[in-house]
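Here is model_9.pdb, consisting of PDB, C-alpha atoms, pLDDT in the B column:
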MODEL        1
ATOM      1  CA  MET A   1       0.763 -29.792 -37.231  1.00 85.00           C
ATOM      2  CA  LYS A   2      -2.668 -28.398 -37.952  1.00 93.00           C
ATOM      3  CA  LYS A   3      -5.076 -27.837 -35.066  1.00 97.00           C
ATOM      4  CA  GLU A   4      -8.742 -27.807 -36.046  1.00 98.00           C
ATOM      5  CA  ILE A   5     -11.660 -26.680 -33.910  1.00 98.00           C
ATOM      6  CA  ILE A   6     -14.661 -28.850 -34.727  1.00 97.00           C
ATOM      7  CA  ASP A   7     -18.150 -27.356 -34.605  1.00 96.00           C
ATOM      8  CA  VAL A   8     -20.546 -29.822 -33.002  1.00 97.00           C
ATOM      9  CA  PRO A   9     -24.210 -29.233 -33.876  1.00 93.00           C
ATOM     10  CA  GLY A  10     -26.268 -28.783 -30.725  1.00 90.00           C
ATOM     11  CA  ILE A  11     -23.252 -28.480 -28.447  1.00 94.00           C
ATOM     12  CA  SER A  12     -20.839 -25.796 -29.667  1.00 95.00           C
ATOM     13  CA  LYS A  13     -23.547 -23.129 -29.884  1.00 93.00           C
ATOM     14  CA  HIS A  14     -24.528 -23.569 -26.218  1.00 91.00           C
ATOM     15  CA  LEU A  15     -20.885 -23.288 -25.135  1.00 93.00           C
ATOM     16  CA  LYS A  16     -20.471 -20.130 -27.164  1.00 91.00           C
ATOM     17  CA  LYS A  17     -23.661 -18.621 -25.794  1.00 91.00           C
ATOM     18  CA  GLU A  18     -22.544 -19.210 -22.209  1.00 90.00           C
ATOM     19  CA  GLY A  19     -19.025 -17.959 -22.955  1.00 92.00           C
ATOM     20  CA  ILE A  20     -17.362 -21.110 -21.662  1.00 94.00           C
ATOM     21  CA  PRO A  21     -13.721 -20.998 -22.796  1.00 97.00           C
ATOM     22  CA  LEU A  22     -13.382 -24.410 -24.393  1.00 97.00           C
ATOM     23  CA  SER A  23     -13.904 -26.084 -27.740  1.00 98.00           C
ATOM     24  CA  ALA A  24     -16.088 -29.178 -27.574  1.00 98.00           C
ATOM     25  CA  VAL A  25     -13.747 -31.001 -29.932  1.00 98.00           C
ATOM     26  CA  VAL A  26     -10.261 -30.375 -31.278  1.00 98.00           C
ATOM     27  CA  ARG A  27      -8.714 -32.477 -34.028  1.00 98.00           C
ATOM     28  CA  ALA A  28      -4.963 -32.549 -34.651  1.00 97.00           C
ATOM     29  CA  GLY A  29      -2.609 -34.988 -36.294  1.00 91.00           C
ATOM     30  CA  GLY A  30      -4.886 -37.989 -36.472  1.00 94.00           C
ATOM     31  CA  PHE A  31      -6.261 -37.641 -32.948  1.00 97.00           C
ATOM     32  CA  VAL A  32      -9.518 -36.168 -31.700  1.00 98.00           C
ATOM     33  CA  PHE A  33      -9.742 -34.581 -28.243  1.00 98.00           C
ATOM     34  CA  VAL A  34     -13.206 -34.344 -26.744  1.00 98.00           C
ATOM     35  CA  SER A  35     -13.949 -32.001 -23.818  1.00 98.00           C
ATOM     36  CA  GLY A  36     -15.572 -33.385 -20.712  1.00 98.00           C
ATOM     37  CA  GLN A  37     -19.239 -33.765 -21.592  1.00 98.00           C
ATOM     38  CA  PRO A  38     -21.799 -33.096 -18.884  1.00 97.00           C
ATOM     39  CA  PRO A  39     -25.362 -34.470 -19.298  1.00 98.00           C
ATOM     40  CA  VAL A  40     -26.580 -31.493 -21.319  1.00 96.00           C
ATOM     41  CA  ASP A  41     -29.857 -31.624 -23.222  1.00 95.00           C
ATOM     42  CA  ARG A  42     -28.740 -30.573 -26.696  1.00 92.00           C
ATOM     43  CA  ARG A  43     -32.080 -28.966 -27.547  1.00 90.00           C
ATOM     44  CA  THR A  44     -32.161 -26.603 -24.568  1.00 91.00           C
ATOM     45  CA  GLY A  45     -28.514 -26.427 -23.495  1.00 91.00           C
ATOM     46  CA  LYS A  46     -29.709 -27.156 -19.954  1.00 94.00           C
ATOM     47  CA  ILE A  47     -28.819 -29.976 -17.592  1.00 96.00           C
ATOM     48  CA  PRO A  48     -31.974 -31.766 -16.444  1.00 96.00           C
ATOM     49  CA  LEU A  49     -32.285 -33.403 -13.026  1.00 97.00           C
ATOM     50  CA  VAL A  50     -32.237 -37.091 -13.941  1.00 98.00           C
ATOM     51  CA  ASN A  51     -30.739 -40.226 -12.416  1.00 98.00           C
ATOM     52  CA  VAL A  52     -27.171 -41.382 -12.932  1.00 98.00           C
ATOM     53  CA  ARG A  53     -28.075 -43.967 -15.581  1.00 98.00           C
ATOM     54  CA  LYS A  54     -29.853 -41.377 -17.674  1.00 98.00           C
ATOM     55  CA  GLN A  55     -27.039 -38.869 -17.126  1.00 98.00           C
ATOM     56  CA  THR A  56     -24.479 -41.415 -18.335  1.00 98.00           C
ATOM     57  CA  GLN A  57     -26.571 -42.102 -21.408  1.00 98.00           C
ATOM     58  CA  MET A  58     -26.828 -38.379 -22.208  1.00 98.00           C
ATOM     59  CA  VAL A  59     -23.093 -37.894 -21.688  1.00 98.00           C
ATOM     60  CA  LEU A  60     -22.206 -40.773 -24.004  1.00 98.00           C
ATOM     61  CA  ASP A  61     -24.708 -39.644 -26.638  1.00 98.00           C
ATOM     62  CA  ASN A  62     -23.003 -36.233 -26.561  1.00 98.00           C
ATOM     63  CA  ILE A  63     -19.562 -37.848 -26.834  1.00 98.00           C
ATOM     64  CA  LYS A  64     -20.776 -39.856 -29.824  1.00 98.00           C
ATOM     65  CA  LEU A  65     -22.011 -36.706 -31.517  1.00 97.00           C
ATOM     66  CA  CYS A  66     -18.704 -34.922 -30.817  1.00 98.00           C
ATOM     67  CA  LEU A  67     -16.691 -37.789 -32.291  1.00 98.00           C
ATOM     68  CA  GLU A  68     -18.858 -38.076 -35.376  1.00 98.00           C
ATOM     69  CA  ALA A  69     -18.622 -34.331 -36.011  1.00 98.00           C
ATOM     70  CA  ALA A  70     -14.841 -34.810 -36.168  1.00 98.00           C
ATOM     71  CA  GLY A  71     -15.015 -37.809 -38.519  1.00 97.00           C
ATOM     72  CA  SER A  72     -14.356 -40.325 -35.761  1.00 98.00           C
ATOM     73  CA  SER A  73     -16.646 -42.721 -33.876  1.00 98.00           C
ATOM     74  CA  MET A  74     -17.143 -44.593 -30.610  1.00 98.00           C
ATOM     75  CA  ASP A  75     -15.153 -47.604 -31.814  1.00 97.00           C
ATOM     76  CA  LYS A  76     -12.140 -45.358 -32.417  1.00 98.00           C
ATOM     77  CA  VAL A  77     -11.883 -44.092 -28.838  1.00 98.00           C
ATOM     78  CA  VAL A  78      -8.510 -44.966 -27.356  1.00 98.00           C
ATOM     79  CA  LYS A  79      -8.967 -43.516 -23.882  1.00 98.00           C
ATOM     80  CA  CYS A  80     -11.821 -42.296 -21.724  1.00 98.00           C
ATOM     81  CA  THR A  81     -11.725 -40.564 -18.372  1.00 98.00           C
ATOM     82  CA  VAL A  82     -14.906 -40.885 -16.349  1.00 98.00           C
ATOM     83  CA  TYR A  83     -15.524 -38.377 -13.559  1.00 97.00           C
ATOM     84  CA  ILE A  84     -18.195 -39.118 -10.978  1.00 97.00           C
ATOM     85  CA  THR A  85     -19.181 -37.393  -7.766  1.00 97.00           C
ATOM     86  CA  ASN A  86     -19.746 -40.609  -5.826  1.00 96.00           C
ATOM     87  CA  ALA A  87     -17.844 -43.874  -6.232  1.00 95.00           C
ATOM     88  CA  ALA A  88     -21.038 -45.754  -5.382  1.00 96.00           C
ATOM     89  CA  TYR A  89     -22.300 -44.914  -8.892  1.00 97.00           C
ATOM     90  CA  PHE A  90     -19.604 -47.135 -10.432  1.00 95.00           C
ATOM     91  CA  ASP A  91     -21.963 -49.990 -11.329  1.00 97.00           C
ATOM     92  CA  GLU A  92     -24.718 -47.780 -12.712  1.00 97.00           C
ATOM     93  CA  VAL A  93     -22.290 -45.902 -14.927  1.00 98.00           C
ATOM     94  CA  ASN A  94     -20.706 -49.162 -16.095  1.00 97.00           C
ATOM     95  CA  ASP A  95     -24.066 -50.715 -16.986  1.00 97.00           C
ATOM     96  CA  VAL A  96     -24.719 -47.906 -19.437  1.00 98.00           C
ATOM     97  CA  TYR A  97     -21.091 -47.437 -20.503  1.00 98.00           C
ATOM     98  CA  ARG A  98     -20.662 -51.016 -21.703  1.00 97.00           C
ATOM     99  CA  ARG A  99     -23.605 -50.657 -24.084  1.00 97.00           C
ATOM    100  CA  TYR A 100     -21.664 -47.948 -25.946  1.00 98.00           C
ATOM    101  CA  PHE A 101     -18.395 -49.872 -26.036  1.00 97.00           C
ATOM    102  CA  ARG A 102     -19.420 -53.461 -26.657  1.00 93.00           C
ATOM    103  CA  ARG A 103     -16.194 -54.789 -28.163  1.00 91.00           C
ATOM    104  CA  ASN A 104     -12.577 -53.866 -27.397  1.00 94.00           C
ATOM    105  CA  PRO A 105     -13.479 -51.018 -25.018  1.00 97.00           C
ATOM    106  CA  PRO A 106     -10.987 -48.135 -24.752  1.00 98.00           C
ATOM    107  CA  ALA A 107      -8.427 -47.654 -21.990  1.00 98.00           C
ATOM    108  CA  ARG A 108     -10.130 -45.873 -19.123  1.00 97.00           C
ATOM    109  CA  VAL A 109      -9.624 -43.965 -15.903  1.00 96.00           C
ATOM    110  CA  PHE A 110     -12.437 -43.671 -13.386  1.00 96.00           C
ATOM    111  CA  CYS A 111     -12.144 -40.708 -10.975  1.00 95.00           C
ATOM    112  CA  ASN A 112     -14.237 -39.846  -7.976  1.00 95.00           C
ATOM    113  CA  VAL A 113     -14.294 -36.027  -7.900  1.00 96.00           C
ATOM    114  CA  GLY A 114     -15.935 -33.126  -6.116  1.00 94.00           C
ATOM    115  CA  SER A 115     -19.149 -31.850  -7.635  1.00 93.00           C
ATOM    116  CA  TRP A 116     -19.451 -29.243 -10.392  1.00 94.00           C
ATOM    117  CA  PRO A 117     -21.113 -25.838 -10.107  1.00 92.00           C
ATOM    118  CA  LYS A 118     -24.271 -27.360 -11.593  1.00 94.00           C
ATOM    119  CA  LYS A 119     -26.347 -30.299 -10.371  1.00 95.00           C
ATOM    120  CA  PHE A 120     -25.059 -33.386 -12.140  1.00 97.00           C
ATOM    121  CA  ASP A 121     -22.888 -36.349 -11.228  1.00 97.00           C
ATOM    122  CA  VAL A 122     -21.152 -37.690 -14.332  1.00 98.00           C
ATOM    123  CA  GLU A 123     -18.824 -36.255 -16.912  1.00 98.00           C
ATOM    124  CA  ILE A 124     -16.671 -38.108 -19.460  1.00 98.00           C
ATOM    125  CA  ASP A 125     -13.886 -36.900 -21.764  1.00 98.00           C
ATOM    126  CA  CYS A 126     -11.989 -38.908 -24.346  1.00 98.00           C
ATOM    127  CA  ILE A 127      -9.246 -39.140 -26.922  1.00 98.00           C
ATOM    128  CA  ALA A 128      -9.918 -40.972 -30.175  1.00 98.00           C
ATOM    129  CA  VAL A 129      -8.192 -41.619 -33.464  1.00 98.00           C
ATOM    130  CA  VAL A 130      -9.795 -40.209 -36.591  1.00 96.00           C
TER     131      VAL A 130
ATOM    132  CA  MET B   1      11.939 -23.697 -15.254  1.00 57.00           C
ATOM    133  CA  ALA B   2      12.723 -25.673 -12.116  1.00 54.00           C
ATOM    134  CA  ALA B   3      12.488 -28.881 -14.097  1.00 53.00           C
ATOM    135  CA  GLY B   4       9.645 -31.037 -12.931  1.00 59.00           C
ATOM    136  CA  TYR B   5       9.448 -29.079  -9.633  1.00 66.00           C
ATOM    137  CA  GLY B   6      12.181 -31.329  -8.210  1.00 70.00           C
ATOM    138  CA  TRP B   7       9.727 -34.213  -8.295  1.00 77.00           C
ATOM    139  CA  ALA B   8      10.144 -37.461 -10.210  1.00 83.00           C
ATOM    140  CA  GLN B   9       8.694 -36.024 -13.373  1.00 87.00           C
ATOM    141  CA  SER B  10       9.733 -34.046 -16.416  1.00 90.00           C
ATOM    142  CA  ALA B  11       8.119 -30.675 -17.056  1.00 92.00           C
ATOM    143  CA  ALA B  12       7.078 -31.982 -20.472  1.00 95.00           C
ATOM    144  CA  ILE B  13       7.835 -34.727 -22.969  1.00 95.00           C
ATOM    145  CA  ARG B  14       7.850 -34.235 -26.719  1.00 95.00           C
ATOM    146  CA  ALA B  15       6.917 -37.236 -28.835  1.00 95.00           C
ATOM    147  CA  GLY B  16       6.286 -36.966 -32.544  1.00 93.00           C
ATOM    148  CA  ASN B  17       4.318 -33.779 -33.072  1.00 94.00           C
ATOM    149  CA  TYR B  18       2.818 -33.800 -29.599  1.00 97.00           C
ATOM    150  CA  LEU B  19       3.900 -32.314 -26.313  1.00 97.00           C
ATOM    151  CA  PHE B  20       2.691 -33.905 -23.076  1.00 97.00           C
ATOM    152  CA  VAL B  21       2.952 -31.479 -20.173  1.00 97.00           C
ATOM    153  CA  SER B  22       3.027 -32.432 -16.503  1.00 95.00           C
ATOM    154  CA  GLY B  23       0.459 -30.886 -14.192  1.00 95.00           C
ATOM    155  CA  VAL B  24       1.403 -27.207 -13.869  1.00 96.00           C
ATOM    156  CA  VAL B  25       0.974 -25.465 -10.521  1.00 96.00           C
ATOM    157  CA  ALA B  26       1.757 -21.995  -9.179  1.00 97.00           C
ATOM    158  CA  ILE B  27       5.466 -22.098  -8.433  1.00 95.00           C
ATOM    159  CA  ASP B  28       8.045 -19.432  -9.151  1.00 95.00           C
ATOM    160  CA  SER B  29       9.676 -20.607 -12.369  1.00 92.00           C
ATOM    161  CA  GLU B  30      13.121 -19.398 -11.268  1.00 91.00           C
ATOM    162  CA  SER B  31      13.301 -20.312  -7.602  1.00 91.00           C
ATOM    163  CA  GLY B  32      10.738 -23.103  -7.401  1.00 90.00           C
ATOM    164  CA  GLU B  33       9.080 -21.299  -4.479  1.00 93.00           C
ATOM    165  CA  ARG B  34       5.406 -22.077  -4.007  1.00 95.00           C
ATOM    166  CA  LEU B  35       3.140 -19.137  -4.801  1.00 97.00           C
ATOM    167  CA  ASN B  36      -0.037 -20.298  -3.092  1.00 97.00           C
ATOM    168  CA  GLY B  37      -2.746 -17.685  -3.373  1.00 97.00           C
ATOM    169  CA  THR B  38      -6.242 -17.260  -4.745  1.00 98.00           C
ATOM    170  CA  VAL B  39      -7.508 -19.172  -7.758  1.00 97.00           C
ATOM    171  CA  THR B  40      -7.048 -15.994  -9.783  1.00 98.00           C
ATOM    172  CA  SER B  41      -3.463 -15.315  -8.676  1.00 98.00           C
ATOM    173  CA  GLU B  42      -2.461 -18.967  -8.995  1.00 98.00           C
ATOM    174  CA  ALA B  43      -4.067 -19.299 -12.420  1.00 98.00           C
ATOM    175  CA  HIS B  44      -2.004 -16.370 -13.746  1.00 98.00           C
ATOM    176  CA  VAL B  45       1.218 -18.015 -12.517  1.00 98.00           C
ATOM    177  CA  VAL B  46       0.102 -21.377 -13.897  1.00 98.00           C
ATOM    178  CA  PHE B  47      -0.542 -19.903 -17.337  1.00 98.00           C
ATOM    179  CA  ARG B  48       2.816 -18.096 -17.328  1.00 98.00           C
ATOM    180  CA  ASN B  49       4.555 -21.355 -16.394  1.00 97.00           C
ATOM    181  CA  LEU B  50       2.606 -23.324 -18.964  1.00 98.00           C
ATOM    182  CA  LYS B  51       3.534 -20.758 -21.620  1.00 98.00           C
ATOM    183  CA  LEU B  52       7.193 -21.111 -20.634  1.00 97.00           C
ATOM    184  CA  VAL B  53       7.082 -24.903 -20.881  1.00 97.00           C
ATOM    185  CA  LEU B  54       5.274 -24.810 -24.235  1.00 97.00           C
ATOM    186  CA  GLU B  55       7.612 -22.216 -25.712  1.00 97.00           C
ATOM    187  CA  SER B  56      10.679 -24.099 -24.474  1.00 96.00           C
ATOM    188  CA  ALA B  57       9.450 -27.045 -26.525  1.00 96.00           C
ATOM    189  CA  GLY B  58       8.775 -24.952 -29.617  1.00 96.00           C
ATOM    190  CA  THR B  59       5.020 -24.639 -29.272  1.00 97.00           C
ATOM    191  CA  SER B  60       2.609 -22.129 -27.692  1.00 98.00           C
ATOM    192  CA  LEU B  61      -0.650 -21.616 -25.803  1.00 98.00           C
ATOM    193  CA  GLU B  62      -2.482 -21.335 -29.140  1.00 97.00           C
ATOM    194  CA  ARG B  63      -1.340 -24.876 -29.973  1.00 98.00           C
ATOM    195  CA  LEU B  64      -2.941 -26.525 -26.943  1.00 98.00           C
ATOM    196  CA  VAL B  65      -5.377 -29.259 -27.939  1.00 98.00           C
ATOM    197  CA  HIS B  66      -6.440 -30.767 -24.616  1.00 98.00           C
ATOM    198  CA  VAL B  67      -6.473 -29.394 -21.067  1.00 98.00           C
ATOM    199  CA  ARG B  68      -7.571 -30.991 -17.847  1.00 98.00           C
ATOM    200  CA  ALA B  69      -8.095 -28.291 -15.259  1.00 97.00           C
ATOM    201  CA  MET B  70      -8.261 -29.116 -11.594  1.00 97.00           C
ATOM    202  CA  ILE B  71      -9.592 -26.653  -9.052  1.00 97.00           C
ATOM    203  CA  TYR B  72      -9.852 -27.089  -5.304  1.00 96.00           C
ATOM    204  CA  ASP B  73     -13.507 -26.120  -5.129  1.00 95.00           C
ATOM    205  CA  ARG B  74     -16.306 -25.967  -7.702  1.00 92.00           C
ATOM    206  CA  ILE B  75     -17.266 -22.508  -6.462  1.00 92.00           C
ATOM    207  CA  GLU B  76     -14.174 -21.109  -8.216  1.00 93.00           C
ATOM    208  CA  TYR B  77     -15.207 -22.315 -11.685  1.00 95.00           C
ATOM    209  CA  ASP B  78     -15.986 -18.783 -12.891  1.00 95.00           C
ATOM    210  CA  ALA B  79     -12.782 -17.375 -11.406  1.00 97.00           C
ATOM    211  CA  LEU B  80     -10.781 -19.928 -13.356  1.00 97.00           C
ATOM    212  CA  ASN B  81     -12.718 -19.174 -16.546  1.00 97.00           C
ATOM    213  CA  ARG B  82     -12.050 -15.440 -16.272  1.00 97.00           C
ATOM    214  CA  VAL B  83      -8.278 -15.966 -16.245  1.00 98.00           C
ATOM    215  CA  TYR B  84      -8.516 -18.796 -18.754  1.00 97.00           C
ATOM    216  CA  ARG B  85     -10.184 -16.535 -21.341  1.00 97.00           C
ATOM    217  CA  GLN B  86      -7.379 -13.982 -21.083  1.00 98.00           C
ATOM    218  CA  TYR B  87      -4.749 -16.544 -22.077  1.00 98.00           C
ATOM    219  CA  LEU B  88      -6.843 -18.557 -24.536  1.00 97.00           C
ATOM    220  CA  PRO B  89      -9.105 -16.024 -26.235  1.00 95.00           C
ATOM    221  CA  GLU B  90      -9.396 -17.790 -29.604  1.00 94.00           C
ATOM    222  CA  GLY B  91      -9.890 -21.447 -30.534  1.00 95.00           C
ATOM    223  CA  PRO B  92      -9.477 -22.801 -26.990  1.00 97.00           C
ATOM    224  CA  PRO B  93      -8.485 -26.441 -26.505  1.00 98.00           C
ATOM    225  CA  ALA B  94     -10.865 -29.209 -25.490  1.00 98.00           C
ATOM    226  CA  ARG B  95     -11.121 -29.067 -21.708  1.00 98.00           C
ATOM    227  CA  THR B  96     -12.442 -30.857 -18.661  1.00 97.00           C
ATOM    228  CA  VAL B  97     -12.677 -29.130 -15.283  1.00 97.00           C
ATOM    229  CA  TRP B  98     -13.175 -30.931 -12.014  1.00 96.00           C
ATOM    230  CA  SER B  99     -12.665 -30.259  -8.349  1.00 95.00           C
ATOM    231  CA  VAL B 100     -10.149 -32.219  -6.354  1.00 95.00           C
ATOM    232  CA  GLN B 101      -7.647 -31.770  -3.556  1.00 94.00           C
ATOM    233  CA  ILE B 102      -4.371 -30.658  -5.193  1.00 95.00           C
ATOM    234  CA  ILE B 103      -0.870 -31.323  -3.872  1.00 91.00           C
ATOM    235  CA  ASP B 104       0.712 -28.698  -1.558  1.00 93.00           C
ATOM    236  CA  ALA B 105      -2.636 -26.950  -1.070  1.00 95.00           C
ATOM    237  CA  PHE B 106      -2.555 -25.404  -4.524  1.00 97.00           C
ATOM    238  CA  LYS B 107      -5.908 -24.251  -5.834  1.00 98.00           C
ATOM    239  CA  VAL B 108      -5.361 -24.800  -9.557  1.00 98.00           C
ATOM    240  CA  GLN B 109      -3.488 -27.333 -11.647  1.00 97.00           C
ATOM    241  CA  LEU B 110      -3.511 -27.660 -15.440  1.00 98.00           C
ATOM    242  CA  ASP B 111      -2.600 -30.855 -17.262  1.00 97.00           C
ATOM    243  CA  ALA B 112      -2.125 -30.277 -20.984  1.00 98.00           C
ATOM    244  CA  ILE B 113      -1.380 -31.719 -24.403  1.00 98.00           C
ATOM    245  CA  ALA B 114      -0.235 -29.488 -27.269  1.00 98.00           C
ATOM    246  CA  VAL B 115       0.758 -30.003 -30.852  1.00 97.00           C
ATOM    247  CA  ILE B 116       4.106 -28.727 -32.046  1.00 94.00           C
TER     248      ILE B 116
ENDMDL
END
Translate the structure of the given file into structure tokens.
Amino acid sequence: MKKEIIDVPGISKHLKKEGIPLSAVVRAGGFVFVSGQPPVDRRTGKIPLVNVRKQTQMVLDNIKLCLEAAGSSMDKVVKCTVYITNAAYFDEVNDVYRRYFRRNPPARVFCNVGSWPKKFDVEIDCIAVV
Amino acid sequence: MAAGYGWAQSAAIRAGNYLFVSGVVAIDSESGERLNGTVTSEAHVVFRNLKLVLESAGTSLERLVHVRAMIYDRIEYDALNRVYRQYLPEGPPARTVWSVQIIDAFKVQLDAIAVI
């Protein structure tokens, strides 16, 4: 089966520049695999210090862009994994999350994890159909 | 490889054109002995074991599409990446890294999906 690396405008170039060994999106056999998206500002490639609601919004906007670059979309996501550094953020993340998945939301796992090497609190990855 | 580490799991499951691999940790693939060490030393063993599992199922590291990488501490992110690049130099899979306490005090665990 063919494995395709998808170039995502505004995201792939920052990854390449920083030498991070991952592809933002891989498409293979009718499925799209999206790397965990941190709340990166696509213009600068930096992660701004903003609250959890704003971070969640940025993460999901990046996910949306990744999916669309691969010919998929938010309504074709079958599974999301949400990683947060503090379980107390559950409600704030959900408030934003449900705006992006209004009907038939995907299967989901919500994990409380240790922090990343940079200052942010939310990351989400997903699998979608094309 | 010591199938599923003697735990209630299979090393990998093939379904259609996909291979779903159990979390891979640093054990000796022959004896099943734990090879706890540094992130760097464990990551090398993990990649060798992952390669073995993938190749046993008729696929390869180059055919990975999705990896979830767990490390015991965020401070080792760069150490993981250095080893990671050696095994996946071109067209790396989608990946998420997070820090978490891993079973048996291992420092790295990779959870992967590949295409055949």
**Prompt:** Pick from A:Asp41, A:Asp61, A:Glu92, A:Glu4: nearest to chain B, with only C-alpha atoms counted?
**Reply:**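 For chain B, the nearest of the given residues is A:Glu4.
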**Message:** Can you tell me which residues surround Ala114 in chain B at a distance of at most 7 Å, considering all atoms listed in the file, apart from same-chain residues fewer than 2 positions away, and format the answer as a list in words?
**Reply:**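 What passes the distance filter is Tyr18, Leu19, Phe20, Arg63, Leu64, Val65, His66, Ala112 and Ile116 of chain B.
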With C-alpha atoms retained, write the just-selected residues as a short mmCIF file (atom, residue, chain, number, x, y, z; two decimals), in the frame of the given file.
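Dumped to out22.cif:
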data_model
loop_
_atom_site.label_atom_id
_atom_site.label_comp_id
_atom_site.auth_asym_id
_atom_site.auth_seq_id
_atom_site.Cartn_x
_atom_site.Cartn_y
_atom_site.Cartn_z
CA TYR B 18 2.82 -33.80 -29.60
CA LEU B 19 3.90 -32.31 -26.31
CA PHE B 20 2.69 -33.90 -23.08
CA ARG B 63 -1.34 -24.88 -29.97
CA LEU B 64 -2.94 -26.52 -26.94
CA VAL B 65 -5.38 -29.26 -27.94
CA HIS B 66 -6.44 -30.77 -24.62
CA ALA B 112 -2.12 -30.28 -20.98
CA ILE B 116 4.11 -28.73 -32.05
#
Mind dumping a table of every chain A residue within 7 Å of chain B, with the nearest atom pair and its distance in Å to one decimal, using all atoms listed in the file, sorted by chain and rising number, as a Markdown table?
| residue | atom | partner | partner_atom | distance |
| --- | --- | --- | --- | --- |
| A:Met1 | CA | B:Ile116 | CA | 6.3 |
| A:Lys3 | CA | B:Arg63 | CA | 7.0 |
| A:Ile5 | CA | B:Gly91 | CA | 6.5 |
| A:Pro21 | CA | B:Arg85 | CA | 5.9 |
| A:Leu22 | CA | B:Pro92 | CA | 5.0 |
| A:Ser23 | CA | B:Ala94 | CA | 4.9 |
| A:Ala24 | CA | B:Ala94 | CA | 5.6 |
| A:Val25 | CA | B:Ala94 | CA | 5.6 |
| A:Val26 | CA | B:Ala94 | CA | 5.9 |
| A:Phe33 | CA | B:Ala94 | CA | 6.1 |
| A:Val34 | CA | B:Ala94 | CA | 5.8 |
| A:Ser35 | CA | B:Ala94 | CA | 4.5 |
| A:Gly36 | CA | B:Thr96 | CA | 4.5 |
| A:Val113 | CA | B:Val100 | CA | 5.8 |
| A:Gly114 | CA | B:Ser99 | CA | 4.9 |
| A:Ser115 | CA | B:Arg74 | CA | 6.5 |
| A:Trp116 | CA | B:Arg74 | CA | 5.3 |
| A:Pro117 | CA | B:Arg74 | CA | 5.4 |
| A:Asp125 | CA | B:Thr96 | CA | 6.9 |
Prev. selection, C-alpha atoms, output as a compact mmCIF listing (two decimals), in the coordinates of the input:
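Once written, result-v6.txt looks like this:
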# COMPACT_ATOMS: atom_id res chain seq x y z
CA MET A 1 0.76 -29.79 -37.23
CA LYS A 3 -5.08 -27.84 -35.07
CA ILE A 5 -11.66 -26.68 -33.91
CA PRO A 21 -13.72 -21.00 -22.80
CA LEU A 22 -13.38 -24.41 -24.39
CA SER A 23 -13.90 -26.08 -27.74
CA ALA A 24 -16.09 -29.18 -27.57
CA VAL A 25 -13.75 -31.00 -29.93
CA VAL A 26 -10.26 -30.38 -31.28
CA PHE A 33 -9.74 -34.58 -28.24
CA VAL A 34 -13.21 -34.34 -26.74
CA SER A 35 -13.95 -32.00 -23.82
CA GLY A 36 -15.57 -33.38 -20.71
CA VAL A 113 -14.29 -36.03 -7.90
CA GLY A 114 -15.94 -33.13 -6.12
CA SER A 115 -19.15 -31.85 -7.64
CA TRP A 116 -19.45 -29.24 -10.39
CA PRO A 117 -21.11 -25.84 -10.11
CA ASP A 125 -13.89 -36.90 -21.76
**Asked** If you measure from CA of Val122 in chain A to CA of Ile63 in chain A, what distance in Å do you get, rounded to one decimal?
**Response**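 CA of Val122 in chain A sits 12.6 Å away from CA of Ile63 in chain A.
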**Request:** Pick out the closest residue to Val46 in chain B from this set: B:Val21, B:Lys107, B:Ala26, B:Gly6. Count only C-alpha atoms.
**Result:**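 Closest to Val46 in chain B, using only C-alpha atoms: B:Ala26.
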**Message:** Suppose a student applies the PyMOL selection byres ((chain A and resi 62) around 9) to this structure; what residues should they get, written as a list in words?
**Reply:**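 Output from the PyMOL selection byres ((chain A and resi 62) around 9), applied to this file: Ile11, Gln37, Pro38, Pro39, Val40, Asp41, Arg42, Gln57, Met58, Val59, Leu60, Asp61, Ile63, Lys64, Leu65, Cys66 and Leu67 of chain A.
As for CA of Ser72 in chain A and CA of Val130 in chain A, they are spaced 4.6 Å apart.
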**Request:** For CA of Lys54 in chain A and CA of Gly71 in chain A, determine how far apart the two atoms are, in Å to one decimal place.
**Result:** 25.8 Å
Can range 50-57 of chain B be brought up to N, CA and C atoms and written out as a tab-separated table (two decimals), in the coordinates of the input?
chain	number	residue	atom	x	y	z
B	50	LEU	N	2.99	-22.46	-17.85
B	50	LEU	CA	2.61	-23.32	-18.96
B	50	LEU	C	3.15	-22.77	-20.28
B	51	LYS	N	3.03	-21.44	-20.43
B	51	LYS	CA	3.53	-20.76	-21.62
B	51	LYS	C	5.04	-21.01	-21.76
B	52	LEU	N	5.75	-20.90	-20.64
B	52	LEU	CA	7.19	-21.11	-20.63
B	52	LEU	C	7.54	-22.53	-21.07
B	53	VAL	N	6.82	-23.50	-20.53
B	53	VAL	CA	7.08	-24.90	-20.88
B	53	VAL	C	6.81	-25.12	-22.37
B	54	LEU	N	5.65	-24.61	-22.83
B	54	LEU	CA	5.27	-24.81	-24.24
B	54	LEU	C	6.30	-24.17	-25.16
B	55	GLU	N	6.68	-22.93	-24.83
B	55	GLU	CA	7.61	-22.22	-25.71
B	55	GLU	C	9.00	-22.84	-25.68
B	56	SER	N	9.38	-23.40	-24.55
B	56	SER	CA	10.68	-24.10	-24.47
B	56	SER	C	10.71	-25.30	-25.41
B	57	ALA	N	9.53	-25.85	-25.67
B	57	ALA	CA	9.45	-27.04	-26.52
B	57	ALA	C	9.08	-26.67	-27.96
